[in-house]
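Single-structure report; data block below.
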Amino acid sequence: HIQQQQQQQYRSSTTSHLYSVDPASLWQSYNEALEASPLVVKSVTASVILGAADFTGQVIESKQKEQKTIDAGGGSTSVDDDNNVSSLDLPRVLRFAFFGLVLQAPWNHFYYIFLDGVLPPTPDPFTATTGIKVLIDQFIQAPVFTVLIFFFLGILEGKSVKNVQDQLDADYKDTMLANWKLWVPATAVNIAFCPPALRVLFINAVFFFWSIFLSLKLNSSSSSSSTDN
(Lines give C-alpha, C1' and ligand atoms only; values in the text may rest on other atoms or scores of the structure.)
Protein backbone atom coordinates (compact mmCIF):
# COMPACT_ATOMS: atom_id res chain seq x y z
CA HIS A 1 0.00 0.00 0.00
CA ILE A 2 2.81 2.39 0.83
CA GLN A 3 4.46 1.71 -2.52
CA GLN A 4 1.16 2.32 -4.36
CA GLN A 5 0.67 5.59 -2.48
CA GLN A 6 4.20 6.69 -3.40
CA GLN A 7 3.58 5.85 -7.07
CA GLN A 8 0.29 7.78 -7.05
CA GLN A 9 1.97 10.75 -5.39
CA TYR A 10 4.76 10.63 -8.03
CA ARG A 11 2.25 10.52 -10.90
CA SER A 12 0.24 13.32 -9.33
CA SER A 13 3.30 15.53 -8.84
CA THR A 14 4.52 14.80 -12.40
CA THR A 15 1.11 15.63 -13.89
CA SER A 16 0.76 18.81 -11.87
CA HIS A 17 4.28 19.82 -12.90
CA LEU A 18 3.40 19.34 -16.60
CA TYR A 19 0.23 21.38 -16.24
CA SER A 20 2.09 24.10 -14.37
CA VAL A 21 4.60 24.68 -17.20
CA ASP A 22 4.42 28.34 -18.08
CA PRO A 23 4.71 29.19 -21.82
CA ALA A 24 6.53 32.38 -20.84
CA SER A 25 9.17 30.33 -18.98
CA LEU A 26 9.52 27.97 -21.94
CA TRP A 27 10.04 30.96 -24.23
CA GLN A 28 12.59 32.40 -21.80
CA SER A 29 14.41 29.04 -21.67
CA TYR A 30 14.43 28.87 -25.47
CA ASN A 31 15.92 32.37 -25.70
CA GLU A 32 18.55 31.52 -23.11
CA ALA A 33 19.51 28.39 -25.05
CA LEU A 34 19.51 30.43 -28.26
CA GLU A 35 21.88 32.95 -26.71
CA ALA A 36 24.17 30.21 -25.36
CA SER A 37 24.26 28.03 -28.51
CA PRO A 38 22.62 29.95 -31.37
CA LEU A 39 23.62 27.72 -34.28
CA VAL A 40 22.77 24.44 -32.51
CA VAL A 41 19.36 25.66 -31.32
CA LYS A 42 18.46 27.10 -34.72
CA SER A 43 19.56 23.92 -36.48
CA VAL A 44 17.64 21.55 -34.18
CA THR A 45 14.54 23.77 -34.42
CA ALA A 46 14.75 23.79 -38.22
CA SER A 47 15.22 20.01 -38.30
CA VAL A 48 12.06 19.38 -36.26
CA ILE A 49 9.98 21.91 -38.21
CA LEU A 50 11.07 20.74 -41.66
CA GLY A 51 10.62 17.08 -40.78
CA ALA A 52 7.11 17.88 -39.56
CA ALA A 53 6.48 19.86 -42.75
CA ASP A 54 7.35 16.93 -44.99
CA PHE A 55 5.20 14.61 -42.87
CA THR A 56 2.30 17.06 -43.35
CA GLY A 57 3.07 17.22 -47.07
CA GLN A 58 2.85 13.43 -47.32
CA VAL A 59 -0.53 13.41 -45.55
CA ILE A 60 -1.81 16.06 -48.01
CA GLU A 61 -0.36 14.10 -50.93
CA SER A 62 -2.08 10.91 -49.72
CA LYS A 63 -5.42 12.72 -49.41
CA GLN A 64 -5.02 14.20 -52.91
CA LYS A 65 -4.35 10.77 -54.41
CA GLU A 66 -7.34 9.34 -52.56
CA GLN A 67 -9.57 12.13 -53.90
CA LYS A 68 -8.29 11.61 -57.47
CA THR A 69 -9.18 7.91 -57.20
CA ILE A 70 -12.68 8.80 -56.07
CA ASP A 71 -13.08 11.44 -58.81
CA ALA A 72 -11.89 8.95 -61.43
CA GLY A 73 -14.70 6.60 -60.45
CA GLY A 74 -12.67 4.31 -58.25
CA GLY A 75 -15.25 4.53 -55.51
CA SER A 76 -14.64 5.33 -51.87
CA THR A 77 -11.19 4.50 -50.58
CA SER A 78 -11.54 4.53 -46.85
CA VAL A 79 -7.92 4.81 -45.79
CA ASP A 80 -7.57 4.61 -42.05
CA ASP A 81 -4.90 6.25 -39.94
CA ASP A 82 -2.91 2.99 -39.59
CA ASN A 83 -2.62 2.69 -43.38
CA ASN A 84 -1.57 6.34 -43.64
CA VAL A 85 1.18 5.74 -41.09
CA SER A 86 2.32 2.53 -42.80
CA SER A 87 2.56 4.32 -46.16
CA LEU A 88 4.70 7.10 -44.66
CA ASP A 89 7.98 7.58 -46.53
CA LEU A 90 10.19 7.92 -43.46
CA PRO A 91 13.47 8.42 -45.40
CA ARG A 92 11.82 11.41 -47.12
CA VAL A 93 10.89 12.92 -43.72
CA LEU A 94 14.44 12.34 -42.52
CA ARG A 95 15.89 13.98 -45.65
CA PHE A 96 13.93 17.16 -44.96
CA ALA A 97 14.86 17.05 -41.26
CA PHE A 98 18.54 16.59 -42.21
CA PHE A 99 18.25 19.45 -44.70
CA GLY A 100 16.99 21.73 -41.92
CA LEU A 101 19.74 20.59 -39.57
CA VAL A 102 22.80 20.92 -41.80
CA LEU A 103 21.84 23.38 -44.55
CA GLN A 104 18.74 25.53 -44.04
CA ALA A 105 19.44 26.80 -40.51
CA PRO A 106 23.24 27.14 -40.82
CA TRP A 107 22.90 28.88 -44.20
CA ASN A 108 20.43 31.44 -42.83
CA HIS A 109 22.36 31.86 -39.56
CA PHE A 110 25.59 32.87 -41.31
CA TYR A 111 23.83 34.65 -44.17
CA TYR A 112 22.03 37.05 -41.79
CA ILE A 113 25.23 37.65 -39.82
CA PHE A 114 26.90 38.63 -43.09
CA LEU A 115 23.93 40.73 -44.30
CA ASP A 116 23.60 42.61 -41.00
CA GLY A 117 27.37 43.16 -41.00
CA VAL A 118 27.24 44.78 -44.44
CA LEU A 119 23.94 46.62 -43.83
CA PRO A 120 23.38 47.01 -40.07
CA PRO A 121 19.76 46.90 -38.81
CA THR A 122 18.07 50.28 -38.40
CA PRO A 123 15.85 51.30 -35.45
CA ASP A 124 13.14 52.43 -37.88
CA PRO A 125 11.75 49.41 -39.79
CA PHE A 126 10.66 51.48 -42.81
CA THR A 127 13.96 52.55 -44.32
CA ALA A 128 15.83 52.21 -47.60
CA THR A 129 18.16 49.78 -45.83
CA THR A 130 15.27 47.41 -45.16
CA GLY A 131 14.17 47.60 -48.80
CA ILE A 132 17.69 46.95 -50.10
CA LYS A 133 18.09 43.95 -47.77
CA VAL A 134 14.79 42.47 -48.98
CA LEU A 135 15.89 42.90 -52.60
CA ILE A 136 19.28 41.26 -51.90
CA ASP A 137 17.60 38.43 -50.01
CA GLN A 138 14.94 37.63 -52.59
CA PHE A 139 16.68 38.37 -55.88
CA ILE A 140 20.25 37.27 -55.11
CA GLN A 141 20.22 34.93 -52.11
CA ALA A 142 16.91 33.12 -52.74
CA PRO A 143 17.63 32.05 -56.36
CA VAL A 144 21.00 30.61 -55.31
CA PHE A 145 19.62 28.89 -52.21
CA THR A 146 16.73 27.37 -54.18
CA VAL A 147 19.21 25.71 -56.56
CA LEU A 148 21.08 24.36 -53.51
CA ILE A 149 17.81 22.94 -52.13
CA PHE A 150 17.10 21.09 -55.38
CA PHE A 151 20.61 19.62 -55.50
CA PHE A 152 20.85 18.83 -51.77
CA LEU A 153 17.53 16.98 -51.54
CA GLY A 154 17.94 15.41 -54.98
CA ILE A 155 21.40 13.98 -54.24
CA LEU A 156 20.21 12.71 -50.84
CA GLU A 157 17.37 10.95 -52.63
CA GLY A 158 19.90 9.23 -54.92
CA LYS A 159 19.30 11.27 -58.08
CA SER A 160 22.11 11.96 -60.52
CA VAL A 161 23.27 15.51 -61.23
CA LYS A 162 21.60 15.20 -64.66
CA ASN A 163 18.27 14.24 -62.99
CA VAL A 164 18.47 17.27 -60.71
CA GLN A 165 19.31 19.56 -63.65
CA ASP A 166 16.28 18.19 -65.54
CA GLN A 167 14.12 18.85 -62.49
CA LEU A 168 15.45 22.40 -62.27
CA ASP A 169 14.65 22.94 -65.96
CA ALA A 170 11.10 21.75 -65.35
CA ASP A 171 10.32 23.33 -61.96
CA TYR A 172 12.74 26.16 -61.15
CA LYS A 173 10.74 28.99 -62.74
CA ASP A 174 7.44 28.00 -61.09
CA THR A 175 9.20 27.44 -57.76
CA MET A 176 10.78 30.91 -57.81
CA LEU A 177 7.47 32.58 -58.73
CA ALA A 178 5.79 30.81 -55.80
CA ASN A 179 8.79 31.71 -53.61
CA TRP A 180 8.44 35.42 -54.29
CA LYS A 181 4.69 35.39 -53.56
CA LEU A 182 5.37 34.02 -50.08
CA TRP A 183 8.87 35.17 -49.21
CA VAL A 184 8.97 38.79 -50.39
CA PRO A 185 6.37 39.90 -47.79
CA ALA A 186 7.67 37.39 -45.21
CA THR A 187 11.24 38.65 -45.63
CA ALA A 188 10.10 42.27 -45.36
CA VAL A 189 8.38 41.49 -42.03
CA ASN A 190 11.38 39.48 -40.84
CA ILE A 191 13.99 42.13 -41.60
CA ALA A 192 11.85 45.07 -40.51
CA PHE A 193 10.42 43.76 -37.25
CA CYS A 194 12.22 40.63 -35.97
CA PRO A 195 15.22 40.97 -33.64
CA PRO A 196 18.32 39.53 -35.39
CA ALA A 197 18.53 36.59 -32.96
CA LEU A 198 14.99 35.48 -33.82
CA ARG A 199 15.13 35.88 -37.60
CA VAL A 200 15.99 32.24 -38.29
CA LEU A 201 13.16 31.12 -35.98
CA PHE A 202 10.74 33.29 -37.98
CA ILE A 203 12.12 31.80 -41.21
CA ASN A 204 11.68 28.30 -39.76
CA ALA A 205 8.01 29.04 -39.00
CA VAL A 206 7.34 30.29 -42.54
CA PHE A 207 9.51 27.49 -43.93
CA PHE A 208 7.06 24.97 -42.47
CA PHE A 209 4.52 25.99 -45.13
CA TRP A 210 7.17 26.51 -47.83
CA SER A 211 8.57 23.03 -47.16
CA ILE A 212 5.12 21.51 -47.66
CA PHE A 213 5.05 23.18 -51.09
CA LEU A 214 8.61 21.99 -51.86
CA SER A 215 7.84 18.48 -50.66
CA LEU A 216 4.80 18.22 -52.93
CA LYS A 217 6.55 19.93 -55.86
CA LEU A 218 9.78 17.95 -55.77
CA ASN A 219 8.12 14.60 -55.19
CA SER A 220 5.37 15.15 -57.77
CA SER A 221 8.15 15.92 -60.27
CA SER A 222 10.00 12.77 -59.23
CA SER A 223 6.88 10.66 -59.76
CA SER A 224 6.19 12.10 -63.21
CA SER A 225 9.82 11.72 -64.33
CA SER A 226 9.95 8.11 -63.14
CA THR A 227 6.67 7.45 -64.98
CA ASP A 228 8.07 8.98 -68.16
CA ASN A 229 11.14 6.75 -67.88
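Please note that chains go A, B, ... in the order of the C-alpha coordinates, that every chain numbers its residues from 1, and that ligands are numbered from 1 in the order shown.
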Do you know which residues are at most 7 Å from Leu50 of chain A counting only C-alpha atoms, after dropping those on the same chain fewer than 6 positions away, and could you put them as a ChimeraX atom specification? /A:96-97,100,208,211
File dump, residues just selected, N, CA, C and O atoms, as an mmCIF file, in the first residue's frame:
data_model
loop_
_atom_site.group_PDB
_atom_site.id
_atom_site.type_symbol
_atom_site.label_atom_id
_atom_site.label_comp_id
_atom_site.auth_asym_id
_atom_site.auth_seq_id
_atom_site.Cartn_x
_atom_site.Cartn_y
_atom_site.Cartn_z
ATOM 1 N N PHE A 96 14.303 15.766 -45.226
ATOM 2 C CA PHE A 96 13.928 17.163 -44.961
ATOM 3 C C PHE A 96 14.437 17.611 -43.591
ATOM 4 O O PHE A 96 14.889 18.755 -43.424
ATOM 5 N N ALA A 97 14.357 16.714 -42.590
ATOM 6 C CA ALA A 97 14.862 17.049 -41.257
ATOM 7 C C ALA A 97 16.372 17.293 -41.311
ATOM 8 O O ALA A 97 16.889 18.238 -40.707
ATOM 9 N N GLY A 100 17.139 20.631 -42.877
ATOM 10 C CA GLY A 100 16.992 21.732 -41.918
ATOM 11 C C GLY A 100 18.161 21.822 -40.964
ATOM 12 O O GLY A 100 18.619 22.919 -40.617
ATOM 13 N N PHE A 208 7.943 26.123 -42.649
ATOM 14 C CA PHE A 208 7.060 24.966 -42.471
ATOM 15 C C PHE A 208 6.102 24.863 -43.662
ATOM 16 O O PHE A 208 5.952 23.803 -44.267
ATOM 17 N N SER A 211 8.068 24.396 -47.009
ATOM 18 C CA SER A 211 8.569 23.027 -47.157
ATOM 19 C C SER A 211 7.470 22.072 -47.608
ATOM 20 O O SER A 211 7.748 21.107 -48.319
#
Can you tell me which residues surround segment 131-142 of chain A at a distance of at most 9 Å, considering only C-alpha atoms, apart from same-chain residues fewer than 2 positions away, and format the answer as a ChimeraX atom specification? /A:111,115-116,119,126-129,144-147,176,179-180,183-185,187-188,191-192
Any chance you could list, as a PyMOL selection string, the residues in segment 26-227 of chain A that come up alpha helix (DSSP H) when DSSP is run on the backbone? chain A and resi 26-36+38-69+81-86+90-99+105-118+128-136+142-157+161-193+199-227
